[in-house]
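Shown next, in C-alpha cells, is the structure this report addresses.
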Amino acid sequence: MYTVPLPRIGTDVAWRDAAKRLIGAGVSPEDILWDFDNEMGELFATATTLPPLTRRIKAPQSFVQMADWVVWHKDPQRFARLYALLWRLRHQPGLMQDRADKDLAKLRHMEKGVHRCKHKMKAFVRFRDLRQGGERRSFAAWFEPTHHTVEPTAPFFARRFADMDWMIATPDVTAQFVDGNLSFHPGQPKPDLPEDAAEALWGTYFCNIFNPARLKVSAMTSEMPKKYWKNLPEAQHIQGLIAGAEAKVQQMRDNAPTLPPERAAKIKRQLRDD
Amino acid sequence: MAKLDLSQKLAILSDAARYDASCASSGTTRRDSRDGKGLGSTEGSGICHAYAPDGRCISLLKILMTNFCIYDCAYCINRVSSNVQRARFSVDEVVQLTIEFYRRNYIEGLFLSSGIIQSPDKTMEDMLRIAKRLREVENFRGYIHLKTIPDAAPELIEQAGLYADRLSINVELPTDNSVKAFAPEKNPATIRKAMGDVKARKDVAGERSYTGKRGKRFVPAGQSTQMIVGADMSTDATILGQSTRLYSDYKLKRVYYSAFSPIPDAAAKLPMIKPPLVREHRLYQADWLLRFYGFAVDEITAARPDGNLDLEVDPKLAWALQNRAQFPVDVNRASKEMLLRIPGFGTRTVGRILSTRRHRRLRYDDLLRMGASLKKAQAFITAQDWSPGGLTDSEHLRARFAPPPEQLSLF
C-alpha cells in the first residue's frame, strides 16, 4: 500500500512524478491512497517511499494533456480516476479515442469543468487599484474559484499584465506578481481592498450597453452564474436593469416621433450642396 | 448646455453603441507583454468579461467617439434629425478609459465607432489618433476593433488596418434599395468598394516578398459587417443570399444580424414593435449551417414558400423534417457530410463519432455521452441498439418539437 502526499501548490508536477514511478513499478490502483494537502489527517499520515523511476511506461500525449487539467478539479477522486485510466491504457492503447468509454467520459467531463473554471477566472477577476505610488502600479483582486485553478491560470495574467504588480487572493491559493516574478502562497480570507473609482464608471458602462428591448436573463445567467456575482462590481446593477426594462421600452413606444432639431435642416442642406 | 462629465459622456456614448452586435475579440495574432514594456495580450480565443441582462457578451469597451452625426439614417438613434442628447469624447478620454478598464480586467480592448462629424475623412482621422495613441504611446497590445467610415479616403482605411485587429464596415440593410430608402447619404457601392479594398490589402499583407519577408500585419482578425433585420421587408432568403455573397466576395469573418430594435426618439417611418429576437437567432443558426455544415442557401430556405425561416423549429430540423426520405441515418456507417446533417448533432459530436467508430460500433447511450441531443436526433438515426421505427415518418413528428400553438390574448 502506497500513501502519496500531494501538495496544494505544485499538484500537477507531484502527481505526474508519482504516477510515473507507480505505473513503472506496476502498482495497481487499489494499492494507492492519494492524499491531497494532508486532507486525510494523522490517520494515514505515513507517506510511503515511492518506487524508484526504473521502467518508463509511455502514456499517450492526449492522456498527459488531459491529466494536466484534471488534477486541478475539486473532486477528491480525481487522482484515483486518472491513475485508473492510466492503468487501463497499458493494455488498451486506443482507449483515448473512445469518446464513449464511461471512465474517459467522466474524466473529459471533469477536464471541461476545469477548463470552464479557468476561463471564468480569466473573465471575472476584477482588480482594484492599490494606488501605492512607485514606478510600477499595483492592483489586487479577490476571487473565489470553483476548482483549484489559480495556479494554472496565473501565467495568463502574468502575460497580460506584465508592466504592473498584482495579486489575486483566493481561499484556495494566492498568486502574486511582483517586479515580473510570479509566486504562489497559501489561500487567505478576503482582504480589505481600497475603493476604486473606476468601478462606478464600469457600472455606468454596464448599464448603458444593455439593451432593454432584448431582455434575456437566462442567457446572461448561463454564462455568468449567480455564484460569481458577489465579486463582480457591475452585478449590483442587474436587478434594477431587469426590473426597469419593460417600462423603458414602453416609454420609447409611447413617445411620439419628435420634430427634428433646428440644426438638422441646415446640416442636410450643406450635405446636398457639397 | 452644461459641460458633461466623463461619466455622463460614457453613459451617452455607450448607450449609442449598444446597437452594434459584434463584441468579438477572437481570432487575432497571439501577443503578450511579457517583456514588461507594454500592456495586454491576445491569445486566440476571446474572453467575455461580463454579460448584460440582454444575454449579450461584454468583451470590449464598445463606444462611439461622438454621437454627433451629419447623416440621417432612419434606423439609427444618432441620425441628425434625432433629439438624442449629444456628446463627444476627447482622444485622451477614450485612451484613459480603455487603459484603466483594461488594467482592472474589465475588458479585452476597444471597439470604437463614431457618428460622422464634419466629413468622413475628418472622422476617420480622429479615430486613428485614438488607435495610434493606444498602440504607440501606451504600448497597448490588447484588441482594437475600428468601425470604418466607408466614405473615408483609402489611405486612412489602410492606416486603420495597421493599428486594428479587426475592421468592420456595415452594409446596414440586406438590399441596395433598402439602403437608399433608409440611409439616403450612404452608397451601397461605396460600402462594397471599401470592403473590397480591405480584402485586397489584407491579401497583400499575407504574401511574402521575394526575400521571404511578410508584409506588415494588417487586420489580423479580418473584417466583419452587420445588417439590420426586420426594419425593411427583406426575406430571410434575401438576407442569407446576401451573406453568402459577402462571405465569398470579401472573405468576411462574420456577418452580424441585428434584429431591428425600437430606439428612443425613433423616426416615424419605422416600426415601433419589439422585434422577434428568434428571427435573428434563426438567421445565425442558418449562417452556421452555411459555413460549417455544408448546407447551401436554397436548401435552407426552400422549407417555406415565403422565403423565410421557420421560427418554431431550427433550420436544420426544418430541413430534416422536409427531407425525411434521407433518414434514418446509420451513425455507424454514414459519411461525415451526412452525420453533420442530423438534427441534434454538432460538429464536435460528429468528430467524436468518427473517432470512436474506428474502434467499435456505437450504441444509443454512447451518443448521449458524446454530447448529442438525442431528443432531436433519435427520430433521424439508427445505432447498434436503436431504431426509430415509424417515428421518422410519423405525421406528428413536427409537433414533438414545435411549441404548442399560442393561445390568443382575450384583450
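Residue numbers start at 1 in each chain; chains themselves are named A, B, ... in the order of the C-alpha cells; ligands are numbered from 1 in the order shown.
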Cut-off 10 Å: closest stretch 93-206 of chain A/stretch 61-66 of chain B atom pairs per residue, using only C-alpha atoms, as a tab-separated table:
residue	atom	partner	partner_atom	distance
A:Trp202	CA	B:Leu61	CA	9.5
A:Tyr205	CA	B:Leu61	CA	8.2
A:Phe206	CA	B:Leu61	CA	9.7
Neighbours of chain B in chain A at 6 Å, counting only C-alpha atoms, as number ranges by chain: A: 97-100, 123-124, 126-127, 159-163, 208-210, 214-217, 219-220, 252, 257, 260, 264
Residues within 12 Å of stretch 54-58 of chain A, only C-alpha atoms, excluding chain neighbours under 3 positions, as a list of chain:residue names: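 Answer for this query is A:Asp17, A:Ala19, A:Lys20, A:Arg21, A:Leu22, A:Ile23, A:Gly24, A:Ala25, A:Gly26, A:Leu50, A:Pro51, A:Gln61, A:Ser62, A:Phe63, A:Val64, A:Leu86, A:Trp87, A:Leu89, A:Arg90, A:His91, A:Pro93.
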File of the preceding selection, N, CA, C and O atoms, as a short mmCIF file (atom, residue, chain, number, x, y, z; two decimals), in the first residue's frame:
data_model
loop_
_atom_site.label_atom_id
_atom_site.label_comp_id
_atom_site.auth_asym_id
_atom_site.auth_seq_id
_atom_site.Cartn_x
_atom_site.Cartn_y
_atom_site.Cartn_z
N ASP A 17 4.85 12.94 -11.33
CA ASP A 17 6.05 12.23 -10.90
C ASP A 17 5.66 10.93 -10.19
O ASP A 17 6.21 9.87 -10.50
N ALA A 19 2.83 9.24 -10.43
CA ALA A 19 2.17 8.31 -11.34
C ALA A 19 3.19 7.57 -12.20
O ALA A 19 3.07 6.37 -12.44
N LYS A 20 4.21 8.29 -12.65
CA LYS A 20 5.26 7.66 -13.47
C LYS A 20 5.95 6.53 -12.73
O LYS A 20 6.16 5.44 -13.26
N ARG A 21 6.31 6.82 -11.46
CA ARG A 21 7.01 5.81 -10.67
C ARG A 21 6.12 4.61 -10.40
O ARG A 21 6.54 3.46 -10.53
N LEU A 22 4.85 4.89 -10.02
CA LEU A 22 3.96 3.80 -9.64
C LEU A 22 3.60 2.92 -10.82
O LEU A 22 3.60 1.69 -10.72
N ILE A 23 3.34 3.54 -11.96
CA ILE A 23 2.95 2.74 -13.12
C ILE A 23 4.16 1.95 -13.62
O ILE A 23 4.02 0.81 -14.07
N GLY A 24 5.34 2.56 -13.50
CA GLY A 24 6.57 1.88 -13.92
C GLY A 24 6.81 0.63 -13.08
O GLY A 24 7.31 -0.39 -13.57
N ALA A 25 6.45 0.72 -11.79
CA ALA A 25 6.67 -0.42 -10.89
C ALA A 25 5.49 -1.38 -10.90
O ALA A 25 5.47 -2.36 -10.15
N GLY A 26 4.47 -1.08 -11.73
CA GLY A 26 3.33 -1.98 -11.84
C GLY A 26 2.42 -1.99 -10.62
O GLY A 26 1.81 -3.01 -10.31
N LEU A 50 8.13 6.19 -2.48
CA LEU A 50 7.66 5.74 -3.80
C LEU A 50 8.73 4.89 -4.46
O LEU A 50 9.92 5.05 -4.19
N PRO A 51 8.31 3.97 -5.32
CA PRO A 51 9.30 3.16 -6.03
C PRO A 51 10.20 4.04 -6.90
O PRO A 51 9.77 5.09 -7.37
N GLN A 61 0.04 11.15 -25.48
CA GLN A 61 0.09 12.59 -25.27
C GLN A 61 -1.26 13.14 -24.82
O GLN A 61 -1.35 13.99 -23.95
N SER A 62 -2.33 12.58 -25.44
CA SER A 62 -3.66 13.10 -25.10
C SER A 62 -4.01 12.84 -23.64
O SER A 62 -4.71 13.62 -23.00
N PHE A 63 -3.49 11.73 -23.08
CA PHE A 63 -3.74 11.47 -21.67
C PHE A 63 -2.99 12.48 -20.80
O PHE A 63 -3.54 13.04 -19.85
N VAL A 64 -1.73 12.71 -21.14
CA VAL A 64 -0.91 13.62 -20.34
C VAL A 64 -1.55 15.02 -20.32
O VAL A 64 -1.64 15.66 -19.27
N LEU A 86 -5.00 5.44 -16.53
CA LEU A 86 -3.62 5.18 -16.97
C LEU A 86 -3.32 3.69 -16.91
O LEU A 86 -2.68 3.12 -17.78
N TRP A 87 -3.84 3.04 -15.87
CA TRP A 87 -3.66 1.59 -15.67
C TRP A 87 -4.30 0.82 -16.82
O TRP A 87 -3.71 -0.11 -17.38
N LEU A 89 -4.89 2.00 -19.79
CA LEU A 89 -4.23 2.36 -21.06
C LEU A 89 -3.06 1.42 -21.40
O LEU A 89 -2.68 1.30 -22.57
N ARG A 90 -2.48 0.77 -20.38
CA ARG A 90 -1.34 -0.12 -20.65
C ARG A 90 -1.74 -1.22 -21.64
O ARG A 90 -0.95 -1.64 -22.46
N HIS A 91 -2.99 -1.71 -21.51
CA HIS A 91 -3.41 -2.80 -22.39
C HIS A 91 -4.40 -2.37 -23.46
O HIS A 91 -4.80 -3.17 -24.30
N PRO A 93 -4.33 0.69 -25.74
CA PRO A 93 -3.73 1.94 -26.20
C PRO A 93 -4.70 2.83 -26.98
O PRO A 93 -4.54 4.05 -27.00
#
Who sits within 12 Å of A:Ala18, only C-alpha atoms, same chain under 6 positions skipped, as a list in words: Tyr2, Thr3, Val4, Pro5, Leu6, Thr11, Asp12, Gly24, Ala25, Val27, Ile32, Leu33, Trp34, Asp35, Thr48, Thr49, Leu50, Pro51, Pro52, Leu53, Phe79, Ala80 and Tyr83 of chain A
Long-range neighbours of B:Ile169 as a list in words, 8 Å cut-off, only C-alpha atoms, 3 positions minimum in chain: Lys147, Thr148, Ile149, Pro150, Ile191, Ala194, Met195, Gln223, Ser224, Thr225 and Gln226 of chain B
Go ahead and write the residues just picked, C-alpha atoms, as a PDB file, in the first residue's frame.
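Result written to out11.pdb:
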ATOM      1  CA  LYS B 147     -15.732  50.673 -37.278  1.00  0.00           C
ATOM      2  CA  THR B 148     -14.597  52.114 -40.563  1.00  0.00           C
ATOM      3  CA  ILE B 149     -16.251  55.013 -42.302  1.00  0.00           C
ATOM      4  CA  PRO B 150     -16.742  53.707 -45.873  1.00  0.00           C
ATOM      5  CA  ILE B 191     -19.519  50.357 -48.895  1.00  0.00           C
ATOM      6  CA  ALA B 194     -14.301  49.823 -49.072  1.00  0.00           C
ATOM      7  CA  MET B 195     -14.755  46.158 -48.132  1.00  0.00           C
ATOM      8  CA  GLN B 223     -13.266  42.225 -41.313  1.00  0.00           C
ATOM      9  CA  SER B 224     -16.900  41.856 -40.399  1.00  0.00           C
ATOM     10  CA  THR B 225     -20.159  43.573 -41.191  1.00  0.00           C
ATOM     11  CA  GLN B 226     -23.635  43.978 -39.779  1.00  0.00           C
TER      12      GLN B 226
END
Members of stretch 148-227 of chain B assigned strand (DSSP E) by DSSP, as number ranges by chain: B: 166-168, 223-227
Using C-alpha atoms, can you export the residues from the last selection as a tab-separated table (two decimals), in the first residue's frame?
chain	number	residue	atom	x	y	z
B	166	ARG	CA	-10.46	43.99	-36.87
B	167	LEU	CA	-12.13	46.46	-39.18
B	168	SER	CA	-15.81	46.50	-39.87
B	223	GLN	CA	-13.27	42.22	-41.31
B	224	SER	CA	-16.90	41.86	-40.40
B	225	THR	CA	-20.16	43.57	-41.19
B	226	GLN	CA	-23.64	43.98	-39.78
B	227	MET	CA	-27.09	44.20	-41.23
Close residues, B:Leu128 itself excluded, 9 Å, only C-alpha atoms, min 3 positions apart in chain, as a ChimeraX atom specification: /B:123-125,131-133,146,156,159-160,163
Just to be explicit: take each residue in the selection above, keep N, CA and C atoms, and write the result as a JSON list (two decimals), in the first residue's frame.
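Saved the output as result_3.json:
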[["chain", "number", "residue", "atom", "x", "y", "z"],
["B", 123, "THR", "N", -13.54, 62.46, -39.54],
["B", 123, "THR", "CA", -13.96, 61.50, -38.52],
["B", 123, "THR", "C", -12.96, 60.35, -38.41],
["B", 124, "MET", "N", -12.59, 59.83, -39.57],
["B", 124, "MET", "CA", -11.65, 58.70, -39.59],
["B", 124, "MET", "C", -10.29, 59.11, -39.02],
["B", 125, "GLU", "N", -9.86, 60.32, -39.33],
["B", 125, "GLU", "CA", -8.58, 60.80, -38.80],
["B", 125, "GLU", "C", -8.61, 60.86, -37.27],
["B", 131, "ALA", "N", -6.45, 55.27, -31.92],
["B", 131, "ALA", "CA", -5.81, 53.96, -32.10],
["B", 131, "ALA", "C", -4.30, 54.09, -32.04],
["B", 132, "LYS", "N", -3.79, 55.16, -32.67],
["B", 132, "LYS", "CA", -2.34, 55.36, -32.71],
["B", 132, "LYS", "C", -1.79, 55.62, -31.30],
["B", 133, "ARG", "N", -2.48, 56.47, -30.54],
["B", 133, "ARG", "CA", -2.05, 56.74, -29.17],
["B", 133, "ARG", "C", -2.01, 55.45, -28.36],
["B", 146, "LEU", "N", -12.04, 48.69, -35.06],
["B", 146, "LEU", "CA", -12.46, 50.02, -35.53],
["B", 146, "LEU", "C", -13.58, 49.88, -36.54],
["B", 156, "LEU", "N", -6.56, 56.30, -45.38],
["B", 156, "LEU", "CA", -6.92, 56.32, -43.96],
["B", 156, "LEU", "C", -7.38, 54.94, -43.50],
["B", 159, "GLN", "N", -4.39, 52.81, -43.05],
["B", 159, "GLN", "CA", -3.70, 53.05, -41.79],
["B", 159, "GLN", "C", -4.44, 52.40, -40.63],
["B", 160, "ALA", "N", -5.77, 52.48, -40.68],
["B", 160, "ALA", "CA", -6.59, 51.88, -39.62],
["B", 160, "ALA", "C", -6.27, 50.39, -39.49],
["B", 163, "TYR", "N", -3.30, 49.43, -37.23],
["B", 163, "TYR", "CA", -3.47, 49.51, -35.78],
["B", 163, "TYR", "C", -4.50, 48.53, -35.26]]
Members of stretch 175-272 of chain A assigned helix (DSSP H, G or I) by DSSP, as an MDAnalysis selection string: chainID A and resid 198:209 212:214 217:223 226:231 233:254 262:272
Residues within 8 Å of stretch 298-306 of chain B, only C-alpha atoms, excluding chain neighbours under 4 positions, as an NGL selection string: :B and (235-237 or 286 or 310 or 315-316 or 318-319 or 322)
Generate the output file for the selected residues, N, CA and C atoms, as an mmCIF file, in the first residue's frame.
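Here's the written file out.cif:
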data_model
loop_
_atom_site.group_PDB
_atom_site.id
_atom_site.type_symbol
_atom_site.label_atom_id
_atom_site.label_comp_id
_atom_site.auth_asym_id
_atom_site.auth_seq_id
_atom_site.Cartn_x
_atom_site.Cartn_y
_atom_site.Cartn_z
ATOM 1 N N THR B 235 -36.753 39.202 -47.140
ATOM 2 C CA THR B 235 -36.985 37.866 -46.592
ATOM 3 C C THR B 235 -35.664 37.269 -46.118
ATOM 4 N N ASP B 236 -35.758 36.179 -45.356
ATOM 5 C CA ASP B 236 -34.552 35.510 -44.890
ATOM 6 C C ASP B 236 -33.739 34.964 -46.061
ATOM 7 N N ALA B 237 -34.423 34.552 -47.127
ATOM 8 C CA ALA B 237 -33.709 34.044 -48.299
ATOM 9 C C ALA B 237 -32.837 35.159 -48.889
ATOM 10 N N ALA B 286 -28.778 29.507 -39.309
ATOM 11 C CA ALA B 286 -28.666 29.225 -40.738
ATOM 12 C C ALA B 286 -27.271 29.605 -41.246
ATOM 13 N N ASP B 310 -38.316 28.999 -40.712
ATOM 14 C CA ASP B 310 -39.326 28.576 -39.756
ATOM 15 C C ASP B 310 -38.935 29.115 -38.382
ATOM 16 N N PRO B 315 -33.366 25.677 -38.245
ATOM 17 C CA PRO B 315 -33.314 25.402 -39.690
ATOM 18 C C PRO B 315 -32.818 24.002 -40.066
ATOM 19 N N LYS B 316 -31.987 23.401 -39.221
ATOM 20 C CA LYS B 316 -31.514 22.063 -39.547
ATOM 21 C C LYS B 316 -32.639 21.045 -39.364
ATOM 22 N N ALA B 318 -35.776 21.795 -39.476
ATOM 23 C CA ALA B 318 -36.766 22.095 -40.517
ATOM 24 C C ALA B 318 -36.386 21.392 -41.816
ATOM 25 N N TRP B 319 -35.092 21.411 -42.134
ATOM 26 C CA TRP B 319 -34.634 20.737 -43.358
ATOM 27 C C TRP B 319 -34.847 19.236 -43.256
ATOM 28 N N GLN B 322 -38.369 18.174 -43.751
ATOM 29 C CA GLN B 322 -38.757 18.281 -45.159
ATOM 30 C C GLN B 322 -38.154 17.169 -46.011
#
Nearest to B:Lys376, chosen from B:Gly389, B:Asn323, B:Ser178, B:Ala402, with only C-alpha atoms counted in the distances: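 Of B:Gly389, B:Asn323, B:Ser178, B:Ala402, the one nearest B:Lys376 is B:Ala402, counting only C-alpha atoms.
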